[in-house]
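Pasting input-v1.tsv here (TSV, C-alpha atoms):
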```
chain	number	residue	atom	x	y	z
A	265	MET	CA	5.08	-23.24	29.02
A	266	ASN	CA	6.01	-20.16	26.99
A	267	LEU	CA	7.15	-17.81	29.76
A	268	GLU	CA	7.11	-14.67	27.59
A	269	TYR	CA	3.59	-15.35	26.33
A	270	PHE	CA	2.38	-16.12	29.89
A	271	ILE	CA	3.73	-12.82	31.23
A	272	ALA	CA	2.30	-10.92	28.24
A	273	LYS	CA	-1.17	-12.38	28.92
A	274	ARG	CA	-0.96	-11.46	32.60
A	275	VAL	CA	0.04	-7.92	31.69
A	276	GLN	CA	-2.90	-7.62	29.28
A	277	SER	CA	-5.42	-8.87	31.82
A	278	SER	CA	-4.19	-6.74	34.71
A	279	THR	CA	-6.32	-3.82	35.92
A	280	SER	CA	-3.34	-1.49	36.05
A	281	TYR	CA	-2.67	-2.20	32.37
A	282	LYS	CA	-6.23	-1.26	31.40
A	283	ASN	CA	-6.17	1.89	33.50
A	284	SER	CA	-2.61	2.95	32.71
A	285	VAL	CA	-1.54	6.04	30.81
A	286	SER	CA	-0.85	3.87	27.77
A	287	ALA	CA	-4.44	2.56	27.54
A	288	PRO	CA	-5.78	5.40	25.29
A	289	ILE	CA	-2.73	5.10	23.04
A	290	ILE	CA	-3.26	1.34	22.74
A	291	LYS	CA	-6.94	1.82	21.84
A	292	ILE	CA	-5.96	4.33	19.15
A	293	ALA	CA	-3.42	1.86	17.75
A	294	VAL	CA	-6.03	-0.93	17.59
A	295	ALA	CA	-8.49	1.46	15.93
A	296	ALA	CA	-5.82	2.50	13.40
A	297	ILE	CA	-5.20	-1.13	12.41
A	298	ALA	CA	-8.94	-1.79	12.18
A	299	ILE	CA	-9.59	1.30	10.05
A	300	GLY	CA	-6.59	0.44	7.89
A	301	ILE	CA	-7.88	-3.07	7.19
A	302	ILE	CA	-11.35	-1.69	6.41
A	303	VAL	CA	-9.93	0.81	3.90
A	304	MET	CA	-7.62	-1.77	2.30
A	305	LEU	CA	-10.42	-4.35	1.96
A	306	ILE	CA	-12.73	-1.78	0.38
A	307	ALA	CA	-9.94	-0.57	-1.94
A	308	ILE	CA	-9.27	-4.11	-3.16
A	309	ALA	CA	-12.95	-5.07	-3.45
A	310	THR	CA	-13.95	-1.94	-5.39
A	311	GLY	CA	-10.84	-1.85	-7.57
A	312	VAL	CA	-10.92	-5.53	-8.52
A	313	GLY	CA	-14.72	-5.47	-8.78
A	314	LEU	CA	-14.68	-2.52	-11.19
A	315	GLN	CA	-12.00	-4.14	-13.32
A	316	LYS	CA	-13.83	-7.46	-13.41
A	317	LYS	CA	-17.22	-5.91	-14.24
A	318	ILE	CA	-15.94	-3.72	-17.06
A	319	LYS	CA	-13.95	-6.61	-18.56
A	320	GLU	CA	-17.10	-8.74	-18.52
A	321	LYS	CA	-19.14	-6.00	-20.18
A	322	VAL	CA	-16.75	-5.20	-23.01
A	323	SER	CA	-16.16	-8.93	-23.58
A	324	ALA	CA	-19.92	-9.47	-23.89
A	325	PHE	CA	-19.96	-7.23	-26.98
A	326	ASN	CA	-16.60	-8.19	-28.49
A	327	GLY	CA	-15.52	-11.58	-27.16
A	328	HIS	CA	-12.10	-12.05	-25.59
A	329	VAL	CA	-10.40	-12.42	-28.98
A	330	SER	CA	-11.78	-11.41	-32.39
A	331	VAL	CA	-10.68	-12.99	-35.67
A	332	SER	CA	-11.34	-10.93	-38.80
A	333	LEU	CA	-9.88	-10.26	-42.23
A	334	PHE	CA	-6.29	-9.04	-42.13
A	335	ASP	CA	-6.60	-5.56	-43.67
A	336	ARG	CA	-6.15	-1.96	-42.65
A	337	ASN	CA	-9.82	-1.17	-42.33
A	338	ASN	CA	-10.59	-0.06	-38.76
A	339	SER	CA	-14.31	0.49	-39.32
A	340	ILE	CA	-16.74	-0.82	-36.72
A	341	THR	CA	-18.94	-2.13	-39.52
A	342	THR	CA	-17.98	-5.08	-41.72
A	343	ILE	CA	-16.64	-4.09	-45.15
A	344	LYS	CA	-15.32	-7.38	-46.52
A	345	PRO	CA	-16.69	-10.76	-45.41
A	346	ILE	CA	-14.79	-13.91	-44.54
A	347	SER	CA	-15.89	-17.51	-44.86
A	348	SER	CA	-17.20	-19.36	-41.83
A	349	ASN	CA	-15.74	-22.57	-43.26
A	350	GLN	CA	-12.60	-22.56	-41.14
A	351	ASP	CA	-10.72	-25.43	-39.49
A	352	PHE	CA	-11.02	-23.76	-36.09
A	353	TYR	CA	-14.79	-23.25	-36.31
A	354	PRO	CA	-16.95	-24.23	-34.48
A	355	ASP	CA	-14.42	-26.09	-32.26
A	356	PHE	CA	-10.96	-24.61	-31.77
A	357	VAL	CA	-9.22	-27.92	-31.02
A	358	ALA	CA	-5.70	-26.51	-31.43
A	359	VAL	CA	-6.20	-24.08	-28.52
A	360	PRO	CA	-7.92	-25.90	-25.62
A	361	GLU	CA	-8.35	-22.66	-23.63
A	362	VAL	CA	-11.04	-21.57	-26.11
A	363	THR	CA	-14.51	-22.23	-24.69
A	364	HIS	CA	-16.78	-20.78	-27.39
A	365	ILE	CA	-16.69	-19.29	-30.90
A	366	GLN	CA	-19.48	-17.33	-32.54
A	367	ALA	CA	-19.82	-15.77	-35.98
A	368	VAL	CA	-21.11	-12.18	-36.21
A	369	ALA	CA	-21.31	-9.25	-38.62
A	370	THR	CA	-22.07	-5.54	-38.30
A	371	LYS	CA	-23.87	-3.06	-40.53
A	372	GLY	CA	-24.45	0.66	-40.12
A	373	GLY	CA	-27.97	1.99	-40.56
A	374	MET	CA	-30.64	4.35	-39.30
A	375	ILE	CA	-33.87	3.77	-37.40
A	376	ARG	CA	-36.56	6.20	-38.47
A	377	THR	CA	-39.82	6.67	-36.62
A	378	ALA	CA	-42.70	9.03	-37.32
A	379	THR	CA	-41.12	11.76	-35.21
A	380	ASP	CA	-37.38	11.11	-35.06
A	381	PHE	CA	-34.43	9.13	-36.39
A	382	GLU	CA	-31.24	7.64	-34.92
A	383	GLY	CA	-28.04	6.24	-36.41
A	384	ILE	CA	-27.36	2.69	-35.26
A	385	ILE	CA	-25.11	-0.30	-35.87
A	386	LEU	CA	-26.84	-3.65	-36.32
A	387	LYS	CA	-24.86	-6.52	-34.88
A	388	GLY	CA	-25.96	-9.66	-36.68
A	389	VAL	CA	-25.74	-12.93	-34.76
A	390	GLY	CA	-26.64	-16.52	-35.56
A	391	GLY	CA	-27.69	-19.72	-33.87
A	392	ASP	CA	-24.20	-20.14	-32.37
A	393	TYR	CA	-24.44	-16.88	-30.43
A	394	ASP	CA	-24.09	-17.19	-26.65
A	395	TRP	CA	-26.80	-14.97	-25.16
A	396	LYS	CA	-25.81	-15.49	-21.54
A	397	TYR	CA	-23.75	-12.29	-21.51
A	398	LEU	CA	-26.54	-10.07	-22.89
A	399	GLN	CA	-29.11	-11.87	-20.74
A	400	ASP	CA	-27.65	-10.09	-17.71
A	401	PHE	CA	-28.23	-6.72	-19.42
A	402	LEU	CA	-31.86	-7.40	-20.41
A	403	VAL	CA	-34.22	-5.01	-18.61
A	404	GLU	CA	-37.44	-5.52	-20.58
A	405	GLY	CA	-38.90	-7.97	-23.08
A	406	LYS	CA	-37.02	-11.00	-24.40
A	407	LEU	CA	-33.98	-11.82	-26.49
A	408	PRO	CA	-34.41	-12.26	-30.27
A	409	ASP	CA	-34.79	-15.88	-31.42
A	410	VAL	CA	-32.37	-16.33	-34.34
A	411	SER	CA	-32.28	-20.13	-34.24
A	412	GLN	CA	-35.31	-20.71	-36.48
A	413	GLU	CA	-35.13	-21.57	-40.19
A	414	GLN	CA	-36.91	-18.34	-41.10
A	415	THR	CA	-34.99	-15.07	-40.81
A	416	SER	CA	-35.96	-13.23	-37.64
A	417	PHE	CA	-36.85	-9.54	-37.76
A	418	ASP	CA	-36.78	-9.15	-33.98
A	419	ILE	CA	-34.10	-6.85	-32.57
A	420	LEU	CA	-32.68	-6.05	-29.17
A	421	ILE	CA	-32.13	-2.33	-28.61
A	422	SER	CA	-30.61	-0.34	-25.77
A	423	ASP	CA	-32.62	1.71	-23.32
A	424	ASP	CA	-30.79	4.83	-24.60
A	425	ILE	CA	-32.03	4.28	-28.16
A	426	ALA	CA	-35.49	3.30	-26.91
A	427	ALA	CA	-35.75	6.50	-24.87
A	428	ARG	CA	-34.58	8.78	-27.69
A	429	LEU	CA	-36.92	7.20	-30.25
A	430	GLN	CA	-39.74	6.53	-27.75
A	431	LEU	CA	-39.81	2.83	-28.63
A	432	LYS	CA	-41.26	0.09	-26.45
A	433	VAL	CA	-41.22	-3.69	-26.60
A	434	GLY	CA	-43.42	-4.81	-29.50
A	435	ASP	CA	-43.07	-1.55	-31.46
A	436	LYS	CA	-41.99	-1.49	-35.08
A	437	ALA	CA	-38.57	0.01	-35.78
A	438	PRO	CA	-38.22	0.80	-39.50
A	439	THR	CA	-34.50	0.64	-40.24
A	440	TYR	CA	-32.65	1.71	-43.38
A	441	PHE	CA	-29.22	0.58	-44.57
A	442	MET	CA	-27.07	2.35	-47.14
A	443	LYS	CA	-25.83	0.49	-50.20
A	444	THR	CA	-22.15	0.75	-51.11
A	445	ASN	CA	-22.84	1.22	-54.82
A	446	GLY	CA	-24.90	4.39	-54.42
A	447	GLN	CA	-28.30	2.74	-54.79
A	448	GLU	CA	-31.29	3.65	-52.66
A	449	PRO	CA	-31.20	2.52	-49.01
A	450	ILE	CA	-32.69	-0.85	-48.18
A	451	GLY	CA	-35.35	-0.90	-45.49
A	452	ARG	CA	-36.17	-3.56	-42.91
A	453	ALA	CA	-39.27	-3.55	-40.69
A	454	PHE	CA	-37.75	-4.74	-37.43
A	455	THR	CA	-39.75	-5.36	-34.26
A	456	VAL	CA	-38.37	-4.50	-30.82
A	457	SER	CA	-38.35	-7.77	-28.86
A	458	GLY	CA	-36.28	-6.59	-25.92
A	459	ILE	CA	-34.43	-3.66	-24.35
A	460	TYR	CA	-30.99	-3.92	-22.72
A	461	ASP	CA	-28.87	-1.67	-20.52
A	462	SER	CA	-25.16	-2.51	-20.31
A	463	GLY	CA	-24.02	0.76	-18.74
A	464	LEU	CA	-21.38	1.13	-21.49
A	465	GLU	CA	-22.38	4.34	-23.25
A	466	GLU	CA	-20.32	3.67	-26.39
A	467	TYR	CA	-22.34	0.50	-26.98
A	468	ASP	CA	-25.72	1.53	-25.61
A	469	SER	CA	-25.75	4.66	-27.76
A	470	LYS	CA	-25.56	2.82	-31.09
A	471	PHE	CA	-25.69	-0.99	-31.02
A	472	ILE	CA	-28.78	-3.10	-31.73
A	473	VAL	CA	-28.68	-6.90	-32.04
A	474	GLY	CA	-30.54	-9.01	-34.58
A	475	ASP	CA	-30.35	-11.90	-37.05
A	476	ILE	CA	-27.13	-12.06	-39.07
A	477	ARG	CA	-29.10	-13.26	-42.11
A	478	ASN	CA	-30.50	-9.75	-42.52
A	479	ILE	CA	-26.97	-8.40	-43.02
A	480	GLN	CA	-26.08	-11.26	-45.38
A	481	ARG	CA	-29.09	-10.47	-47.58
A	482	ILE	CA	-28.53	-6.72	-47.55
A	483	ASN	CA	-24.86	-7.17	-48.51
A	484	LYS	CA	-25.69	-10.01	-50.91
A	485	TRP	CA	-23.35	-12.38	-49.12
A	486	ASP	CA	-23.47	-16.13	-49.25
A	487	ALA	CA	-24.86	-18.05	-46.27
A	488	ASP	CA	-21.33	-18.95	-45.16
A	489	GLN	CA	-19.98	-15.39	-45.27
A	490	ILE	CA	-19.66	-13.45	-42.01
A	491	GLY	CA	-17.94	-10.39	-40.62
A	492	LYS	CA	-15.72	-11.90	-37.93
A	493	PHE	CA	-15.43	-14.54	-35.22
A	494	GLU	CA	-15.74	-13.70	-31.53
A	495	ILE	CA	-13.79	-16.11	-29.33
A	496	PHE	CA	-14.18	-16.63	-25.59
A	497	ILE	CA	-11.53	-18.23	-23.38
A	498	ASN	CA	-11.58	-19.79	-19.91
A	499	ASP	CA	-8.99	-17.56	-18.21
A	500	PHE	CA	-8.91	-13.81	-18.85
A	501	ASP	CA	-5.58	-13.51	-16.99
A	502	ARG	CA	-3.96	-15.50	-19.82
A	503	LEU	CA	-5.53	-13.35	-22.54
A	504	ASN	CA	-2.33	-12.28	-24.29
A	505	GLU	CA	-0.83	-15.78	-24.20
A	506	VAL	CA	-3.98	-17.43	-25.57
A	507	GLY	CA	-4.38	-14.61	-28.11
A	508	ARG	CA	-0.95	-15.41	-29.55
A	509	ALA	CA	-1.81	-19.12	-29.69
A	510	ILE	CA	-5.02	-18.31	-31.58
A	511	GLN	CA	-3.11	-16.14	-34.05
A	512	LEU	CA	-0.64	-18.95	-34.73
A	513	ASN	CA	-3.48	-21.38	-35.43
A	514	THR	CA	-5.49	-19.23	-37.86
A	515	PRO	CA	-4.86	-18.69	-41.59
A	516	SER	CA	-2.40	-15.96	-42.57
A	517	GLU	CA	-5.12	-13.79	-44.12
A	518	LEU	CA	-6.96	-13.60	-40.79
A	519	ASN	CA	-5.95	-11.42	-37.88
A	520	ALA	CA	-6.55	-12.32	-34.22
A	521	ARG	CA	-6.80	-9.35	-31.87
A	522	THR	CA	-7.43	-9.48	-28.13
A	523	ILE	CA	-9.98	-7.23	-26.47
A	524	GLU	CA	-7.08	-5.28	-24.93
A	525	GLN	CA	-5.76	-4.55	-28.42
A	526	GLU	CA	-9.22	-3.60	-29.66
A	527	LEU	CA	-9.93	-1.24	-26.75
A	528	PRO	CA	-6.54	-0.07	-25.41
A	529	ALA	CA	-7.87	3.11	-23.79
A	530	ILE	CA	-10.28	1.25	-21.49
A	531	PHE	CA	-7.68	-1.30	-20.40
A	532	GLN	CA	-4.99	1.33	-19.83
A	533	TRP	CA	-7.45	3.10	-17.55
A	534	LEU	CA	-8.17	-0.18	-15.75
A	535	ALA	CA	-4.43	-0.78	-15.28
A	536	LEU	CA	-4.20	2.51	-13.39
A	537	LEU	CA	-6.55	1.07	-10.77
A	538	ASP	CA	-3.87	-1.46	-9.76
A	539	GLY	CA	-1.48	1.38	-8.98
A	540	ASN	CA	-4.17	3.12	-6.94
A	541	ILE	CA	-4.85	-0.05	-4.93
A	542	PHE	CA	-1.18	-0.63	-4.13
A	543	GLY	CA	-0.71	3.04	-3.30
A	544	ILE	CA	-3.60	3.00	-0.82
A	545	ILE	CA	-2.35	-0.22	0.80
A	546	GLY	CA	1.16	1.22	1.14
A	547	ILE	CA	-0.03	4.47	2.74
A	548	ILE	CA	-2.37	2.68	5.15
A	549	LEU	CA	0.37	0.24	6.20
A	550	ILE	CA	2.76	3.11	6.93
A	551	VAL	CA	0.16	4.90	9.06
A	552	GLY	CA	-0.72	1.68	10.91
A	553	ILE	CA	2.94	0.84	11.59
A	554	ILE	CA	3.63	4.33	12.95
A	555	ASN	CA	0.65	4.03	15.30
A	556	MET	CA	1.76	0.57	16.49
A	557	ILE	CA	5.36	1.71	17.05
A	558	THR	CA	4.08	4.67	19.08
A	559	ALA	CA	1.84	2.39	21.15
A	560	LEU	CA	4.69	-0.06	21.74
A	561	LEU	CA	7.12	2.65	22.86
A	562	VAL	CA	4.51	4.06	25.26
A	563	LEU	CA	3.86	0.56	26.57
A	564	ILE	CA	7.60	0.00	27.17
A	565	LEU	CA	7.87	3.35	28.94
A	566	ASP	CA	4.84	2.52	31.08
A	567	ARG	CA	6.34	-0.85	32.04
A	568	THR	CA	9.89	0.31	32.76
A	569	ASN	CA	9.72	-0.94	36.39
A	570	MET	CA	8.62	-4.39	35.20
A	571	ILE	CA	11.53	-4.48	32.77
A	572	GLY	CA	13.96	-3.72	35.60
A	573	VAL	CA	12.48	-6.46	37.81
A	574	LEU	CA	12.63	-9.06	35.03
A	575	LYS	CA	16.23	-8.17	34.18
A	576	SER	CA	17.24	-8.30	37.81
A	577	LEU	CA	15.79	-11.81	37.97
A	578	GLY	CA	18.00	-12.87	35.08
A	579	ALA	CA	15.72	-12.35	32.07
A	580	SER	CA	17.62	-11.65	28.85
A	581	ASN	CA	16.95	-8.66	26.63
A	582	TRP	CA	15.37	-10.93	23.98
A	583	THR	CA	13.04	-12.46	26.60
A	584	VAL	CA	11.77	-9.04	27.62
A	585	ARG	CA	11.48	-7.91	24.01
A	586	LYS	CA	9.36	-10.97	23.20
A	587	ILE	CA	6.92	-10.04	25.98
A	588	PHE	CA	6.28	-6.68	24.36
A	589	LEU	CA	6.15	-8.22	20.90
A	590	TYR	CA	3.45	-10.62	22.10
A	591	ASN	CA	1.57	-7.64	23.49
A	592	ALA	CA	1.90	-5.70	20.24
A	593	MET	CA	0.88	-8.68	18.10
A	594	ASN	CA	-2.18	-9.15	20.28
A	595	LEU	CA	-3.18	-5.57	19.53
A	596	VAL	CA	-2.59	-6.10	15.80
A	597	PHE	CA	-4.66	-9.29	15.93
A	598	LYS	CA	-7.54	-7.46	17.62
A	599	GLY	CA	-7.40	-4.71	15.03
A	600	LEU	CA	-7.42	-7.28	12.21
A	601	ILE	CA	-10.50	-9.04	13.60
A	602	ILE	CA	-12.46	-5.81	14.07
A	603	GLY	CA	-11.39	-4.49	10.67
A	604	ASN	CA	-12.30	-7.70	8.84
A	605	VAL	CA	-15.74	-7.91	10.43
A	606	ILE	CA	-16.61	-4.30	9.59
A	607	GLY	CA	-14.86	-4.25	6.20
A	608	LEU	CA	-16.37	-7.49	4.89
A	609	GLY	CA	-19.74	-6.40	6.29
A	610	LEU	CA	-19.63	-3.15	4.29
A	611	ILE	CA	-18.57	-5.04	1.17
A	612	GLY	CA	-21.45	-7.47	1.69
A	613	ILE	CA	-23.95	-4.61	2.00
A	614	GLN	CA	-22.73	-3.12	-1.29
A	615	PHE	CA	-22.76	-6.53	-3.00
A	616	PHE	CA	-26.34	-7.38	-2.04
A	617	PHE	CA	-28.02	-3.95	-1.86
A	618	SER	CA	-25.77	-1.64	-3.96
A	619	PRO	CA	-26.39	1.62	-2.05
A	620	LEU	CA	-23.43	3.28	-3.81
A	621	THR	CA	-23.95	4.26	-7.45
A	622	LEU	CA	-21.59	5.61	-10.10
A	623	ASP	CA	-21.85	7.81	-13.18
A	624	PRO	CA	-21.88	5.40	-16.16
A	625	GLN	CA	-20.38	8.05	-18.45
A	626	SER	CA	-17.22	8.12	-16.33
A	627	TYR	CA	-17.03	4.58	-14.91
A	628	HIS	CA	-19.02	2.50	-17.47
A	629	VAL	CA	-21.17	1.04	-14.66
A	630	THR	CA	-24.23	2.32	-12.81
A	631	GLU	CA	-23.49	0.63	-9.47
A	632	MET	CA	-20.22	0.27	-7.60
A	633	PRO	CA	-19.23	-3.36	-8.23
A	634	VAL	CA	-17.34	-5.20	-5.51
A	635	TYR	CA	-15.43	-8.46	-5.69
A	636	ILE	CA	-13.08	-10.04	-3.20
A	637	SER	CA	-11.86	-13.59	-2.85
A	638	TRP	CA	-10.68	-15.47	0.20
A	639	TRP	CA	-7.19	-15.31	-1.31
A	640	HIS	CA	-7.33	-11.51	-1.18
A	641	VAL	CA	-8.49	-11.55	2.46
A	642	ILE	CA	-5.89	-14.09	3.60
A	643	ALA	CA	-3.03	-12.40	1.72
A	644	LEU	CA	-3.97	-8.95	3.05
A	645	ASN	CA	-4.26	-10.06	6.68
A	646	LEU	CA	-1.16	-12.23	6.61
A	647	GLY	CA	0.85	-9.53	4.86
A	648	THR	CA	-0.27	-6.87	7.34
A	649	PHE	CA	0.55	-9.10	10.31
A	650	ILE	CA	4.03	-9.96	9.02
A	651	VAL	CA	4.88	-6.37	8.06
A	652	CYS	CA	3.81	-5.10	11.48
A	653	LEU	CA	5.78	-7.86	13.23
A	654	ILE	CA	8.97	-7.02	11.36
A	655	ALA	CA	8.51	-3.29	11.89
A	656	LEU	CA	7.90	-3.70	15.65
A	657	ILE	CA	11.05	-5.74	16.26
A	658	ILE	CA	13.20	-2.60	15.87
A	659	PRO	CA	11.58	-0.40	18.57
A	660	THR	CA	11.90	-3.22	21.11
A	661	LEU	CA	15.67	-2.68	20.93
A	662	ILE	CA	15.11	0.10	23.45
A	663	VAL	CA	14.66	-2.64	26.06
A	664	SER	CA	18.34	-3.56	25.81
A	665	LYS	CA	19.28	0.03	26.71
A	666	ILE	CA	17.36	-0.02	29.98
A	667	SER	CA	19.49	-0.58	33.12
A	668	PRO	CA	17.82	-2.79	35.77
A	669	VAL	CA	18.88	-0.50	38.64
A	670	LYS	CA	17.69	2.69	36.98
A	671	ALA	CA	14.52	1.01	35.77
A	672	MET	CA	13.56	-0.15	39.28
A	673	ARG	CA	13.99	3.44	40.51
A	674	PHE	CA	11.94	4.82	37.62
A	675	GLU	CA	8.76	6.67	38.62
```

Step by step, read the file and then write its structure as structure tokens.
Amino acid sequence: MNLEYFIAKRVQSSTSYKNSVSAPIIKIAVAAIAIGIIVMLIAIATGVGLQKKIKEKVSAFNGHVSVSLFDRNNSITTIKPISSNQDFYPDFVAVPEVTHIQAVATKGGMIRTATDFEGIILKGVGGDYDWKYLQDFLVEGKLPDVSQEQTSFDILISDDIAARLQLKVGDKAPTYFMKTNGQEPIGRAFTVSGIYDSGLEEYDSKFIVGDIRNIQRINKWDADQIGKFEIFINDFDRLNEVGRAIQLNTPSELNARTIEQELPAIFQWLALLDGNIFGIIGIILIVGIINMITALLVLILDRTNMIGVLKSLGASNWTVRKIFLYNAMNLVFKGLIIGNVIGLGLIGIQFFFSPLTLDPQSYHVTEMPVYISWWHVIALNLGTFIVCLIALIIPTLIVSKISPVKAMRFE
């Protein structure tokens, strides 16, 4: 039998313990741990969820790695084409982390209706395009079918463009593209097949998606000429490593750039969220430890007579200290259970019902995304428990300073 644990359990179950002067302090300490866990769980779930969601959205429009012509042109639209006849396309055998490659091209233009006009960028895609990413953004209509032998004139537009031009699914969208040699613009009578909403204003405000063969004909390219390759990988955490491997396995005239290199501002902002998460966890842990130390010291003071009796019966200082550590760890454990139940419950409510919304202009999403894994939950609880245990060992040193004779006289 563990004597210290047995005594600690008896102390916890005693009526005098529950009605003692330390009882309110103990309840406050348990509440502090519970609130701390709730805040830390929410901080992790919202921070990681926001990072994950934004990475998914920007990757849907750009791929994880893009391979284009190695020049100094930073234009969004394609100026010079490259050949799709590459050793790494359509299967990048040299880099097994690559899961999919798709050929795309972009062309600037203008949609003009009877009452208004809007500058746009047509993103041309082919039969190899993976629509699963844009499928999640589809709010009305259907995705364009670019897999047929005939060139498709269906386009997917954003809800922003549709609202400004008052376009609906099935409407005609006359679009004009400028020629580089000064000739008259070329027109295409596109039909709106679907409307998407990604929540990313910089894309929703200008991008439409259609058949790449339209761009090839307008630019007078060959059938094997494209703008760039978009590459997807199986592990975003290894993006830089895989990006370097892709660069080493592409021709010297082609340049492989990761999504972080393409959009540094967004990813620098996302990196700041990690600092915020760690800062919140650190502050909450400090507050929780202070509350637990206070509760433990009050508990020791309240049980001074018991300490004197135990010492007079031959109990060592470490034995008595362990009794109070067991008591303190029981309080921490209670706080962890309560905090996890409430915290995970709140995260679940946001995940399934999304009552909290965000401004897409500031956060690139319309709803607060949440994501938390069992690894996050286990690491957070285990870390909190260990940190509290280590921190509470020090205040129990006061037990060794208590004299049995004086303690038994203590009122």

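Atom CA of A:Lys443 to atom CA of A:Glu466 spans 24.6 Å [interatomic distance, one decimal].
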
Choose the residue, out of A:Glu465, A:Glu268, A:Asp418, A:Glu517, that has the smallest atom-to-atom separation from A:Ser626; count all atoms listed in the file.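 For A:Ser626, the nearest of the given residues is A:Glu465.
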
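Using all atoms listed in the file, the protein and nucleic acid residues lying at most 10 Å from the point (-33.5, -15.0, -31.5) are Val389, Gly390, Gly391, Tyr393, Trp395, Lys406, Leu407, Pro408, Asp409, Val410, Ser411, Gln412, Thr415, Ser416, Phe417, Asp418, Ile419, Leu420, Ser457, Val473, Gly474 and Asp475 of chain A.
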
Find the residues around stretch 548-553 of chain A up to 12 Å (all atoms listed in the file counted), leave out those fewer than 4 positions away in its own chain, and share them as number ranges by chain. A: 292-305, 307, 541-544, 557-560, 592-593, 595-596, 599-600, 644-645, 647-659

State, in Å with one decimal place, the distance from atom CA of A:Asp380 to atom CA of A:Leu398. 26.7 Å

Find the distance between atom CA of A:Val641 and atom CA of A:Phe616 and write it in Å to one decimal. 18.9 Å

A:Ile375, A:Val573, A:Ala453, A:Ile421: which is nearest A:Lys436, counting all atoms listed in the file?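 Residue with the minimum atom-to-atom distance to A:Lys436: A:Ala453.
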
Nearest to A:Glu382 by atom-to-atom distance, counting all atoms listed in the file, from A:Phe356, A:Phe615, A:Phe270, A:Tyr440: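 For A:Glu382, the nearest of the given residues is A:Tyr440.
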
Just need the box for stretch 516-534 of chain A, edges along x, y and z, holding every atom the file lists for it with 4 Å tacked onto each side, so centre and edge lengths in Å to one decimal, as AutoDock Vina command-line options.
```
--center_x -6.3 --center_y -6.4 --center_z -29.9 --size_x 15.9 --size_y 27.1 --size_z 36.4
```

Quick one: of A:Thr568, A:Leu402, A:Ile642, A:Thr522, who's nearest to A:Asn604, counting all atoms listed in the file?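 For A:Asn604, the nearest of the given residues is A:Ile642.
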